[in-house]
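> Take this structure first; my questions come after.
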Amino acid sequence: MHVSYSVAAGDFSNAGNVASTVKGLLKQLNISPGHIKRIIVALYEAEVNVVAHSNGGSIECGIEPDEVSIVVADTGPGIPDLELAMTEGWSTATVEVREMGFGAGMGLSNIRKHTDELSIDTGEGKPTTISMRFVLDGGFHG
Amino acid sequence: MTLKEVVEIVHGTVLCGGEALDREVHLGFASDLMSDVLTLLADDILLITGLSNNQAIRTAEMSDISQILFVRNKKPTKTMIDLATEHGIIIITTGYSMFRASGLLFSAGLEPVY
């Protein structure tokens with residue numbers, strides 16, 4: 001199964017709609033609650049990042065019997081220093097983002113914790129593409 | 001403890017999900033930072049927060065948290081209540097501060113996540 005969605009920049013009232021929809025799909029497919037939580041938390045973090053930090057983007061989900069792959073791609077403006085951005089507590093969030101309860105500098109590192117495979121393609125002035133893979137046969141920890 | 005006991009301890013008001021107050025909750029987590037809430041692995045949590053917006057409900061939904069206590073008389077919007085109802089999340093409000101509500105619930109046996 002393959003589904004795709006668009007995500008608007010700055011639209012906090014709808015941030016989480018994609019993650020909520022995908023969660024419903026995964027439940028219908030009888031994927032275990034533990035797997036669903038890890039997938040959905042990572043997806044929600046990535047979706048909020050697109051809303052909070054980007055010019056907008058898209059989310060593509062591929063759901064297979066033994067794995068889920070999700071690609072979150074925005075149209076920029078990119079992350080100048082990815083290593084710094086992966087550091088817990090480091091944040092460039094605006095006041096508006098912090099007022100929404102985010103911007104604590106935990107998003108990317110939390111995504112990393114919840115995924116089996118993660119790759120991030122970005123750079124200053126470039127689009128950012130986050131590719132996540134989740135194994136459904138016990139590949140998660142905890 | 002049951003959510004009914006939570007309501008009694010904080011002199012709370014139930015805004016939605018009142019039919020499920022017999023539900024047990026064992027862990028409490030107090031935060032206005034949804035980023036921190038999203039790092040929790042446990043599900044059976046009472047989220048105690050002063051952050052009253054859609055993202056508090058969304059974060060609970062994504063984290064499989066089924067009960068939220070809003071402190072300091074925060075008034076969730078109809079949109080928030082509708083969203084919580086849709087996902088079976090109980091909303092309780094109290095006039096107590098986060099510190100007071102957390103302290104009372106801790107003293108009564110609600111356990112911390114960490």
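Chain labels follow the order of the structure tokens: the first chain is A, the next B, and so on; residue numbering restarts at 1 in every chain, and ligands are counted from 1 in their shown order.
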May I ask you to extract the residues of chain B within 9 Å of chain A, using only C-alpha atoms, and to give them as a list in words?

Asp32, Leu33, Met34, Ser35, Asp36, Leu38, Thr39, Leu41, Leu51, Ser52, Asn53, Asn54, Gln55, Ala56, Arg58, Thr59, Glu61, Met62, Ser63 and Asp64 of chain B

> Would you pick out the contacts of Gly125 (chain A) at 9 Å or less, using only C-alpha atoms, so that residues sharing its chain but fewer than 4 positions from it are not included, and give the list as an MDAnalysis selection string?

chainID A and resid 76:80

> Would you mind exporting the chosen residues as a CSV table (one decimal), in the first residue's frame, restricted to C-alpha atoms?


```
chain,number,residue,atom,x,y,z
A,76,GLY,CA,13.6,24.1,1.8
A,77,PRO,CA,15.1,26.1,3.2
A,78,GLY,CA,17.3,23.2,4.5
A,79,ILE,CA,19.4,22.5,7.6
A,80,PRO,CA,22.8,24.2,7.4
```

> Going by DSSP on the backbone, which bits of region 14-139 of chain A are alpha helix (DSSP H)? Write them as a PDB file with C-alpha atoms, in the first residue's frame, please.


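Saved as part-v4.pdb:
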```pdb
ATOM      1  CA  ASN A  17      -3.514  15.283  10.523  1.00  0.00           C
ATOM      2  CA  VAL A  18      -1.264  13.102   8.383  1.00  0.00           C
ATOM      3  CA  ALA A  19       0.120  11.176  11.359  1.00  0.00           C
ATOM      4  CA  SER A  20      -3.411  10.684  12.661  1.00  0.00           C
ATOM      5  CA  THR A  21      -4.622   9.380   9.294  1.00  0.00           C
ATOM      6  CA  VAL A  22      -1.674   7.008   8.933  1.00  0.00           C
ATOM      7  CA  LYS A  23      -2.187   5.775  12.494  1.00  0.00           C
ATOM      8  CA  GLY A  24      -5.742   4.819  11.542  1.00  0.00           C
ATOM      9  CA  LEU A  25      -4.446   2.941   8.496  1.00  0.00           C
ATOM     10  CA  LEU A  26      -1.855   1.013  10.518  1.00  0.00           C
ATOM     11  CA  LYS A  27      -4.505   0.056  13.078  1.00  0.00           C
ATOM     12  CA  GLN A  28      -6.754  -1.254  10.308  1.00  0.00           C
ATOM     13  CA  PRO A  33       0.454  -1.120  19.009  1.00  0.00           C
ATOM     14  CA  GLY A  34       4.159  -0.968  19.888  1.00  0.00           C
ATOM     15  CA  HIS A  35       5.189  -0.685  16.248  1.00  0.00           C
ATOM     16  CA  ILE A  36       2.436   1.800  15.513  1.00  0.00           C
ATOM     17  CA  LYS A  37       3.510   4.084  18.342  1.00  0.00           C
ATOM     18  CA  ARG A  38       7.118   4.220  17.178  1.00  0.00           C
ATOM     19  CA  ILE A  39       6.151   4.831  13.566  1.00  0.00           C
ATOM     20  CA  ILE A  40       3.579   7.469  14.413  1.00  0.00           C
ATOM     21  CA  VAL A  41       5.704   9.390  16.909  1.00  0.00           C
ATOM     22  CA  ALA A  42       8.511   9.624  14.339  1.00  0.00           C
ATOM     23  CA  LEU A  43       6.066  10.626  11.603  1.00  0.00           C
ATOM     24  CA  TYR A  44       4.384  13.225  13.813  1.00  0.00           C
ATOM     25  CA  GLU A  45       7.738  14.763  14.753  1.00  0.00           C
ATOM     26  CA  ALA A  46       8.688  14.949  11.076  1.00  0.00           C
ATOM     27  CA  GLU A  47       5.288  16.388  10.117  1.00  0.00           C
ATOM     28  CA  VAL A  48       5.573  19.078  12.802  1.00  0.00           C
ATOM     29  CA  ASN A  49       9.079  19.887  11.525  1.00  0.00           C
ATOM     30  CA  VAL A  50       7.706  20.485   8.023  1.00  0.00           C
ATOM     31  CA  VAL A  51       4.969  22.756   9.419  1.00  0.00           C
ATOM     32  CA  ALA A  52       7.319  24.593  11.782  1.00  0.00           C
ATOM     33  CA  HIS A  53      10.540  24.952   9.817  1.00  0.00           C
ATOM     34  CA  LEU A  82      22.741  18.581  10.372  1.00  0.00           C
ATOM     35  CA  GLU A  83      25.025  17.262  13.110  1.00  0.00           C
ATOM     36  CA  LEU A  84      24.170  20.258  15.269  1.00  0.00           C
ATOM     37  CA  ALA A  85      20.463  19.883  14.485  1.00  0.00           C
ATOM     38  CA  VAL A  95       8.427  31.808  19.557  1.00  0.00           C
ATOM     39  CA  GLU A  96       5.293  30.669  17.737  1.00  0.00           C
ATOM     40  CA  VAL A  97       6.615  27.113  17.462  1.00  0.00           C
ATOM     41  CA  ARG A  98       7.581  27.065  21.137  1.00  0.00           C
ATOM     42  CA  GLU A  99       4.128  28.297  22.092  1.00  0.00           C
ATOM     43  CA  GLY A 107      12.559  16.297  17.234  1.00  0.00           C
ATOM     44  CA  LEU A 108      15.299  14.903  14.991  1.00  0.00           C
ATOM     45  CA  SER A 109      16.976  12.943  17.778  1.00  0.00           C
ATOM     46  CA  ASN A 110      13.603  11.483  18.751  1.00  0.00           C
ATOM     47  CA  ILE A 111      12.987  10.474  15.138  1.00  0.00           C
ATOM     48  CA  ARG A 112      16.357   8.715  15.123  1.00  0.00           C
ATOM     49  CA  LYS A 113      15.436   6.787  18.301  1.00  0.00           C
ATOM     50  CA  HIS A 114      12.184   5.537  16.827  1.00  0.00           C
TER      51      HIS A 114
END
```

> Would you list the contacts of region 15-20 of chain B as JSON, numbers by chain, taking every protein, DNA or RNA residue within 8 Å and counting only C-alpha atoms, but skipping same-chain residues closer than 4 positions in sequence?

{"B": [81, 84, 85, 88, 89, 90, 91, 92, 93]}

> Grab the CA of Asn73 (chain B) to CA of Tyr96 (chain B) distance for me, in Å with one decimal place.

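Computed distance, CA of Asn73 (chain B) to CA of Tyr96 (chain B), equals 7.4 Å.
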
> Would you kindly return, as number ranges by chain, each protein, DNA or RNA residue with an atom no farther than 10 Å from any atom of Val6 (chain B), considering only C-alpha atoms and excluding same-chain residues fewer than 2 positions away?

B: 1-4, 8-12, 21, 24-25, 46, 69, 92, 101, 104-105, 108, 110

> Region 58-61 of chain A: which residues within 10 Å, counting only C-alpha atoms, same-chain residues fewer than 6 positions away excluded, as number ranges by chain?

A: 1-8, 18-19, 22, 43, 46-47, 50, 68-75, 129-133

> Just asking: which residues within region 38-114 of chain B are strand (DSSP E) according to DSSP, as a count of residues only?

15

> One decimal, Å: what's the distance from CA of Glu67 (chain A) over to CA of His87 (chain B), could you say?

25.6 Å
